[in-house]
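These notes concern the structure reproduced below.
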Amino acid sequence: MPQRAPDGGSRLIGWREYVALPEWGIVRIKAKADTGARSSAIDVSDLQRTGTGKVRFDVIASRRQPAKRVRVEAEILRETTVRSSLGETHTRIVVATRLRIGTVEKVVELGLVSRPMMRCRMLLGRTALTPEFRVDPGRSFVLSRARRRSDNRRANAGRVREQEGSV
């Protein structure tokens, strides 16, 4: 259930959340709320301009299953220069799509970047987070549930206990 901030305003989220990009057919991708960044970015591969003001690329929604890719074609909003935390500048193509976190949906701009070593496939900057969300840096997956092996083990252990009790 979505949690409201104490002031009744924006929703509280963790520093990591699973989000959806419904227009692209992505139902679950791990995103890091990065309040130190103004803009947002998503890790893509096989980036190609189509020549019609659009770009085609693959989104790898999971680090554990890199073969599962979603092919996307989107309109280019603009190209922008981004400065990394190391002071290096890079040009990025920016596109827009609908983002869903919990029950909140909004259109966000995403810079397309190839950074396969990122733990989270997306970075959500301040412009994507404000004003709907507040970030609790001490928590993860407040509005979305992480899939954990320990959850599976507990569920399986509970089934085993139920089966033993019914024998």
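FYI, nothing fancy with the structure tokens labels: chains A, B, ... in order, residues from 1 per chain, ligands from 1 as they appear.
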
Wanna dump the range 70-123 of chain A-range 18-36 of chain A contacts at 6 Å for me, each residue with its shortest atom pair and the distance in Å to one decimal, counting only C-alpha atoms, ordered by chain and number, as CSV?
```
residue,atom,partner,partner_atom,distance
A:Arg98,CA,A:Leu21,CA,5.8
A:Leu99,CA,A:Leu21,CA,4.9
A:Arg100,CA,A:Ala20,CA,5.0
A:Ile101,CA,A:Val19,CA,5.0
A:Cys120,CA,A:Lys30,CA,5.2
A:Arg121,CA,A:Lys30,CA,5.8
A:Met122,CA,A:Ala31,CA,4.5
A:Leu123,CA,A:Lys32,CA,4.9
```

inquiry  = When you look at Val82 in chain A with a cut-off of 8 Å (counting only C-alpha atoms), what residues show up, excluding the ones that are within fewer than 4 positions of it in the same chain? I need them as a ChimeraX atom specification.
reply    = /A:89-92

key: In range 74-134 of chain A, DSSP strand (DSSP E or B) residues written as an MDAnalysis selection string   = chainID A and resid 74:75 78:83 89:101 104:113 122:124 133:134

Do you know which residues are at most 9 Å from range 134-140 of chain A counting only C-alpha atoms, after dropping those on the same chain fewer than 6 positions away, and could you put them as a short mmCIF file (atom, residue, chain, number, x, y, z; two decimals) with C-alpha atoms, in the first residue's frame?
```cif
data_model
loop_
_atom_site.label_atom_id
_atom_site.label_comp_id
_atom_site.auth_asym_id
_atom_site.auth_seq_id
_atom_site.Cartn_x
_atom_site.Cartn_y
_atom_site.Cartn_z
CA ALA A 5 4.66 11.42 3.89
CA SER A 10 4.23 13.34 -1.60
CA ARG A 11 4.61 9.57 -1.37
CA LEU A 12 7.58 8.12 0.43
CA ILE A 13 9.82 5.83 -1.62
CA GLY A 14 13.08 4.05 -0.93
CA TRP A 15 16.40 4.78 -2.59
CA ARG A 16 15.68 1.77 -4.83
CA GLU A 17 12.29 0.89 -6.25
CA ALA A 33 16.34 7.41 -6.82
CA ASP A 34 19.30 9.75 -7.32
CA THR A 35 18.55 13.06 -5.64
CA ALA A 146 11.84 -6.90 -4.00
#
```

request  = Name the residues in contact with Val95 in chain A at a cut-off of 8 Å, using only C-alpha atoms, excluding same-chain residues fewer than 6 positions from it; report them as number ranges by chain.
outcome  = A: 74-78, 109-112

Produce a file of the selected residues containing N, CA and C atoms, as a compact mmCIF listing (two decimals), in the first residue's frame.
```
# COMPACT_ATOMS: atom_id res chain seq x y z
N ALA A 74 11.31 5.27 -29.96
CA ALA A 74 10.77 6.47 -29.32
C ALA A 74 11.20 7.71 -30.08
N GLU A 75 10.40 8.75 -29.94
CA GLU A 75 10.71 10.03 -30.56
C GLU A 75 11.83 10.72 -29.77
N ILE A 76 12.78 11.29 -30.48
CA ILE A 76 13.86 12.03 -29.84
C ILE A 76 13.33 13.40 -29.43
N LEU A 77 13.42 13.71 -28.15
CA LEU A 77 13.01 15.03 -27.68
C LEU A 77 14.10 16.06 -27.95
N ARG A 78 15.33 15.66 -27.62
CA ARG A 78 16.47 16.55 -27.81
C ARG A 78 17.74 15.78 -27.51
N GLU A 109 11.29 12.35 -18.64
CA GLU A 109 12.31 12.36 -19.67
C GLU A 109 13.46 11.47 -19.21
N LEU A 110 13.98 10.65 -20.14
CA LEU A 110 15.07 9.74 -19.84
C LEU A 110 16.21 9.92 -20.84
N GLY A 111 17.40 10.09 -20.32
CA GLY A 111 18.58 10.09 -21.17
C GLY A 111 18.97 8.65 -21.45
N LEU A 112 19.32 8.36 -22.69
CA LEU A 112 19.69 7.00 -23.09
C LEU A 112 21.20 6.86 -22.96
```

key: Nearest to Met117 in chain A, chosen from A:Gln48, A:Ser84, A:Arg63, A:Val55, with only C-alpha atoms counted in the distances   = A:Arg63

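Across range 93-148 of chain A, DSSP run on the backbone finds alpha helix (DSSP H) at Arg126, Thr127, Ala128 and Leu129 of chain A.
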
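When only C-alpha atoms are used to compute distances to Ser62 in chain A, the closest of the residues A:Leu129, A:Val44, A:Ile93, A:Leu143 turns out to be A:Val44.
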
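CA of Val104 in chain A to CA of Asp43 in chain A spans 22.3 Å [interatomic distance, one decimal].
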
task = Give me the residues within 10 Å of Arg69 in chain A as a count of residues only, counting only C-alpha atoms and dropping any in the same chain fewer than 4 places off.
result = 10

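What separates CA of Ala96 in chain A from CA of Lys54 in chain A is a distance of 11.5 Å.
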